[in-house]
Each structure stands twice: as structure tokens, then as C-alpha cells.
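Only one structure is covered here, and it is reproduced in the block below.
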Amino acid sequence: MQEPFVPLSNTTSEDETIGIDPEKLEIPPDFGTLNPFVLGLILDLSLRHHTNGRRYVDIATEDLVKFLVTLQADDRVFFYDPEHPDAPTYKGEAVGRLGNYRISRQFNPLHALRDTLEAVGREDADSRKVIVYITDRPALKYDYSAELILKRNHMNRYNCELIIFAIGSKCSGTLSEFKARLYQLEIDKIVETLKEVLKDEQS
């Protein structure tokens, strides 16, 4: 004959509670700073060759791929490609796209800036949002159209920080007129400078 089911009695009375002292709880020192960042990358490079014989674009993509694989798993990257104008991706897909990148005739500096700002800006408001425009050409100019695009950052509260890497001495134009942090550097210093930029963002 099957024994009747008898529920276990609650050994804790209604008057008893489990006491927890909040002051003794250990909170990780980086609690609240673990939110991922969103990185927007725009490559606007010519077919120029370095003194070592390699193309600027090949040097940049190879170094950036090595950098992206070091990011945290939750960090998101939007690598602008006219043929793939979609939302930011996790680093695995971004690494693949960057590694297979080819200069496109469809590239338009203002479209690149606009699409990247919209894609990165619409990400989580708690994320750090950094857009890096890398160029060795004077194609990106500050004019009325560029001003309207950049105003979206403020009007839509995207809170994206725009950073311009001007490669070589031939790249100047009106880049200094952009409301951006402008760095003049050599092609092989992209990742080194990018690490410093992101470090500043996290501090």
C-alpha cells in the first residue's frame, strides 16, 4: 500500500527571517562599468602604398582585425561597408567583414558618416559609443550637409563621440572644422592610437 504524501514542515517560523547585512556584501570594484561599448569604424583610404610596398588599406585592415579579436564578447562593432549597411555586429562577424574588405566605388563620405552615426547612435543609451573615421584623403569636407548630419547626434541624443584619424600629411582639408577629436598619425599607428582613445573613454 502506498504511503500517504506528507509535505515537509517548514522549520522556520513566520517570525524568523534571514538576516543580511548590506554593509558586508562584497561588490566588485568594476560593478556598473561592465556595460559594453559600441565602436563604429569607417575606412576612407586610397590605393596609396606605404614605403614598405604595402597598400595603406591592407595595413589598416590587418592591424584592425588583430585589435578587434581582443575586444570583450559583448562589445559591438559597426564596420561601415556600402554593401552591408546593417546594424552593429558582434566582433566575430565584424572581424570577417573587415578581413574581406575591398575598397568600393560606391563609398560616399557623407553617407558613411550618416549611416554609421544612425547605426551606432541607436544602440543602448548606457553603452559607450565611439565612431572612428580613418582617412588618408581630403574627401571628407565640413560643409552644410556634414553639419546637418552631425546635428543628429545632439538632436537625437545619440551621445556618440566622433574621432578622425588623418593619415599622413596630405590629409587635411576642413577636417579641423568638425566637432571631433582629430589625430594626425601614420598608417601603422592606428591601433596604438585607437587603444588610447578607448582607454580614455573608459576612464
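Residue numbering restarts at 1 in every chain; chains get A, B, ... in the order shown in the C-alpha cells, and ligands count up from 1 in that same order.
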Do a neighbour search on range 156-169 of chain A at 9 Å with only C-alpha atoms, toss out local chain neighbours closer than 5 positions, and write the hits as an mmCIF file with N, CA and C atoms, in the first residue's frame.
data_model
loop_
_atom_site.group_PDB
_atom_site.id
_atom_site.type_symbol
_atom_site.label_atom_id
_atom_site.label_comp_id
_atom_site.auth_asym_id
_atom_site.auth_seq_id
_atom_site.Cartn_x
_atom_site.Cartn_y
_atom_site.Cartn_z
ATOM 1 N N LEU A 45 40.107 55.093 -47.302
ATOM 2 C CA LEU A 45 41.515 55.054 -47.678
ATOM 3 C C LEU A 45 41.686 54.919 -49.184
ATOM 4 N N LEU A 117 26.584 56.925 -37.895
ATOM 5 C CA LEU A 117 26.022 57.676 -36.769
ATOM 6 C C LEU A 117 24.658 57.124 -36.379
ATOM 7 N N GLU A 118 23.827 56.823 -37.361
ATOM 8 C CA GLU A 118 22.496 56.303 -37.070
ATOM 9 C C GLU A 118 22.572 54.901 -36.454
ATOM 10 N N VAL A 120 25.152 53.340 -34.862
ATOM 11 C CA VAL A 120 25.778 53.332 -33.536
ATOM 12 C C VAL A 120 24.933 54.108 -32.537
ATOM 13 N N GLY A 121 24.399 55.236 -32.977
ATOM 14 C CA GLY A 121 23.636 56.089 -32.077
ATOM 15 C C GLY A 121 22.389 55.441 -31.521
ATOM 16 N N ARG A 122 21.767 54.536 -32.268
ATOM 17 C CA ARG A 122 20.525 53.901 -31.824
ATOM 18 C C ARG A 122 20.760 52.736 -30.867
ATOM 19 N N GLU A 123 22.007 52.435 -30.600
ATOM 20 C CA GLU A 123 22.310 51.376 -29.639
ATOM 21 C C GLU A 123 21.969 51.819 -28.223
ATOM 22 N N ALA A 125 21.500 53.249 -24.742
ATOM 23 C CA ALA A 125 21.957 54.554 -24.259
ATOM 24 C C ALA A 125 23.034 54.435 -23.192
ATOM 25 N N ARG A 128 28.937 52.953 -24.206
ATOM 26 C CA ARG A 128 29.866 53.953 -24.720
ATOM 27 C C ARG A 128 29.848 53.855 -26.244
ATOM 28 N N LYS A 129 29.748 54.975 -26.904
ATOM 29 C CA LYS A 129 29.611 54.982 -28.363
ATOM 30 C C LYS A 129 30.713 55.830 -28.978
ATOM 31 N N VAL A 130 31.560 55.192 -29.753
ATOM 32 C CA VAL A 130 32.698 55.867 -30.356
ATOM 33 C C VAL A 130 32.711 55.579 -31.853
ATOM 34 N N ILE A 131 32.782 56.621 -32.658
ATOM 35 C CA ILE A 131 32.882 56.485 -34.110
ATOM 36 C C ILE A 131 34.255 56.973 -34.544
ATOM 37 N N VAL A 132 34.985 56.119 -35.249
ATOM 38 C CA VAL A 132 36.331 56.468 -35.707
ATOM 39 C C VAL A 132 36.346 56.483 -37.234
ATOM 40 N N TYR A 133 36.628 57.643 -37.792
ATOM 41 C CA TYR A 133 36.721 57.831 -39.247
ATOM 42 C C TYR A 133 38.202 57.874 -39.601
ATOM 43 N N ILE A 134 38.646 56.899 -40.387
ATOM 44 C CA ILE A 134 40.065 56.778 -40.740
ATOM 45 C C ILE A 134 40.236 57.113 -42.220
ATOM 46 N N THR A 135 41.040 58.127 -42.515
ATOM 47 C CA THR A 135 41.165 58.550 -43.904
ATOM 48 C C THR A 135 42.556 59.091 -44.225
ATOM 49 N N ASP A 136 42.963 58.887 -45.458
ATOM 50 C CA ASP A 136 44.198 59.491 -45.958
ATOM 51 C C ASP A 136 43.891 60.400 -47.142
ATOM 52 N N ARG A 137 42.619 60.756 -47.279
ATOM 53 C CA ARG A 137 42.184 61.574 -48.414
ATOM 54 C C ARG A 137 41.476 62.831 -47.911
ATOM 55 N N LYS A 151 24.449 67.258 -36.526
ATOM 56 C CA LYS A 151 23.442 67.787 -35.612
ATOM 57 C C LYS A 151 22.517 66.686 -35.089
ATOM 58 N N LEU A 175 38.997 69.094 -42.112
ATOM 59 C CA LEU A 175 38.746 68.153 -41.021
ATOM 60 C C LEU A 175 38.772 68.832 -39.658
ATOM 61 N N PHE A 178 35.427 69.938 -38.059
ATOM 62 C CA PHE A 178 34.482 69.001 -37.476
ATOM 63 C C PHE A 178 34.547 69.081 -35.953
ATOM 64 N N LYS A 179 33.402 68.893 -35.325
ATOM 65 C CA LYS A 179 33.382 68.838 -33.865
ATOM 66 C C LYS A 179 33.796 67.427 -33.462
ATOM 67 N N ALA A 180 35.081 67.181 -33.598
ATOM 68 C CA ALA A 180 35.611 65.839 -33.381
ATOM 69 C C ALA A 180 37.015 65.944 -32.818
ATOM 70 N N ARG A 181 37.468 64.852 -32.245
ATOM 71 C CA ARG A 181 38.862 64.757 -31.825
ATOM 72 C C ARG A 181 39.664 64.323 -33.050
ATOM 73 N N LEU A 182 40.585 65.164 -33.455
ATOM 74 C CA LEU A 182 41.353 64.930 -34.669
ATOM 75 C C LEU A 182 42.774 64.515 -34.322
ATOM 76 N N TYR A 183 43.183 63.379 -34.902
ATOM 77 C CA TYR A 183 44.533 62.872 -34.685
ATOM 78 C C TYR A 183 45.249 62.782 -36.033
ATOM 79 N N GLN A 184 46.421 63.358 -36.115
ATOM 80 C CA GLN A 184 47.253 63.238 -37.307
ATOM 81 C C GLN A 184 48.293 62.160 -37.011
ATOM 82 N N LEU A 185 48.297 61.080 -37.782
ATOM 83 C CA LEU A 185 49.168 59.962 -37.472
ATOM 84 C C LEU A 185 49.554 59.200 -38.727
ATOM 85 N N GLU A 186 50.488 58.280 -38.562
ATOM 86 C CA GLU A 186 50.918 57.427 -39.656
ATOM 87 C C GLU A 186 50.065 56.161 -39.680
ATOM 88 N N ILE A 187 50.045 55.484 -40.803
ATOM 89 C CA ILE A 187 49.153 54.348 -41.007
ATOM 90 C C ILE A 187 49.414 53.211 -40.015
ATOM 91 N N ILE A 190 47.552 53.318 -36.178
ATOM 92 C CA ILE A 190 46.097 53.345 -35.999
ATOM 93 C C ILE A 190 45.671 52.630 -34.724
ATOM 94 N N THR A 193 46.848 54.223 -31.412
ATOM 95 C CA THR A 193 46.072 55.412 -31.080
ATOM 96 C C THR A 193 44.649 55.045 -30.681
ATOM 97 N N VAL A 197 42.487 55.965 -27.296
ATOM 98 C CA VAL A 197 41.182 56.634 -27.363
ATOM 99 C C VAL A 197 40.156 55.890 -26.518
#
When you look at Gln106 in chain A with a cut-off of 10 Å (counting only C-alpha atoms), what residues show up, excluding the ones that are within fewer than 6 positions of it in the same chain? I need them as a PyMOL selection string. chain A and resi 81-83
Go through range 40-138 of chain A and collect every residue that DSSP, computed from the backbone, puts in alpha helix (DSSP H); the answer should be as an MDAnalysis selection string. chainID A and resid 56:68 91:99 109:121
Contacts of range 55-70 of chain A at 9 Å or less, counting only C-alpha atoms, minus same-chain residues fewer than 5 places along, as a PyMOL selection string? chain A and resi 43-50+77+91-92+94-96+98-103+136+187-188+190-191+195
What does the file look like for those residues with N, CA and C atoms, as a compact mmCIF listing (two decimals), in the first residue's frame?
# COMPACT_ATOMS: atom_id res chain seq x y z
N LEU A 43 36.42 53.27 -42.88
CA LEU A 43 37.69 53.32 -43.62
C LEU A 43 37.49 54.09 -44.92
N ASP A 44 38.17 55.20 -45.03
CA ASP A 44 38.13 56.02 -46.25
C ASP A 44 39.58 56.16 -46.73
N LEU A 45 40.11 55.09 -47.30
CA LEU A 45 41.52 55.05 -47.68
C LEU A 45 41.69 54.92 -49.18
N SER A 46 42.74 55.51 -49.68
CA SER A 46 43.05 55.46 -51.11
C SER A 46 43.84 54.19 -51.41
N LEU A 47 44.28 54.08 -52.64
CA LEU A 47 45.12 52.95 -53.04
C LEU A 47 46.61 53.24 -52.86
N ARG A 48 46.89 54.25 -52.05
CA ARG A 48 48.27 54.65 -51.80
C ARG A 48 49.07 53.52 -51.18
N HIS A 49 50.34 53.48 -51.52
CA HIS A 49 51.24 52.46 -50.98
C HIS A 49 52.21 53.06 -49.95
N HIS A 50 52.48 52.28 -48.95
CA HIS A 50 53.45 52.66 -47.94
C HIS A 50 54.85 52.48 -48.51
N VAL A 77 30.48 46.08 -32.82
CA VAL A 77 31.26 46.84 -33.79
C VAL A 77 30.42 47.05 -35.05
N LYS A 91 31.77 41.02 -32.53
CA LYS A 91 33.10 41.16 -33.11
C LYS A 91 33.45 40.06 -34.11
N GLY A 92 32.90 38.85 -33.95
CA GLY A 92 33.23 37.77 -34.87
C GLY A 92 32.88 38.11 -36.30
N ALA A 94 32.23 41.13 -37.45
CA ALA A 94 32.94 42.34 -37.84
C ALA A 94 34.36 42.01 -38.30
N VAL A 95 35.00 41.07 -37.61
CA VAL A 95 36.34 40.65 -38.00
C VAL A 95 36.33 40.05 -39.40
N GLY A 96 35.31 39.23 -39.69
CA GLY A 96 35.21 38.62 -41.01
C GLY A 96 35.02 39.65 -42.10
N LEU A 98 35.79 42.86 -41.99
CA LEU A 98 36.97 43.71 -42.11
C LEU A 98 38.09 42.97 -42.84
N GLY A 99 38.24 41.69 -42.54
CA GLY A 99 39.29 40.91 -43.20
C GLY A 99 39.07 40.75 -44.69
N ASN A 100 37.80 40.79 -45.12
CA ASN A 100 37.48 40.63 -46.54
C ASN A 100 37.17 41.96 -47.23
N TYR A 101 37.51 43.05 -46.56
CA TYR A 101 37.14 44.37 -47.07
C TYR A 101 37.86 44.71 -48.36
N ARG A 102 37.11 45.29 -49.29
CA ARG A 102 37.66 45.79 -50.53
C ARG A 102 37.14 47.21 -50.75
N ILE A 103 38.00 48.08 -51.25
CA ILE A 103 37.58 49.45 -51.50
C ILE A 103 36.45 49.46 -52.52
N ASP A 136 42.96 58.89 -45.46
CA ASP A 136 44.20 59.49 -45.96
C ASP A 136 43.89 60.40 -47.14
N ILE A 187 50.04 55.48 -40.80
CA ILE A 187 49.15 54.35 -41.01
C ILE A 187 49.41 53.21 -40.02
N ASP A 188 50.65 53.06 -39.58
CA ASP A 188 50.97 51.95 -38.68
C ASP A 188 50.73 52.29 -37.22
N ILE A 190 47.55 53.32 -36.18
CA ILE A 190 46.10 53.34 -36.00
C ILE A 190 45.67 52.63 -34.72
N VAL A 191 46.09 51.38 -34.57
CA VAL A 191 45.64 50.59 -33.42
C VAL A 191 46.18 51.16 -32.12
N LYS A 195 43.60 52.35 -29.20
CA LYS A 195 43.61 51.82 -27.84
C LYS A 195 43.63 52.95 -26.81
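Taking only C-alpha atoms into account, Gly40 in chain A lies nearest to A:Asp75 out of the set A:Asp126, A:Glu147, A:Glu192, A:Asp75.
For the pair CA of Asn108 in chain A and CA of Arg54 in chain A, the interatomic distance is 24.2 Å.
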Pick from A:Asn52, A:Ser127, A:Leu41, A:Arg114, whichever lies nearest to Leu148 in chain A using only C-alpha atoms: A:Arg114
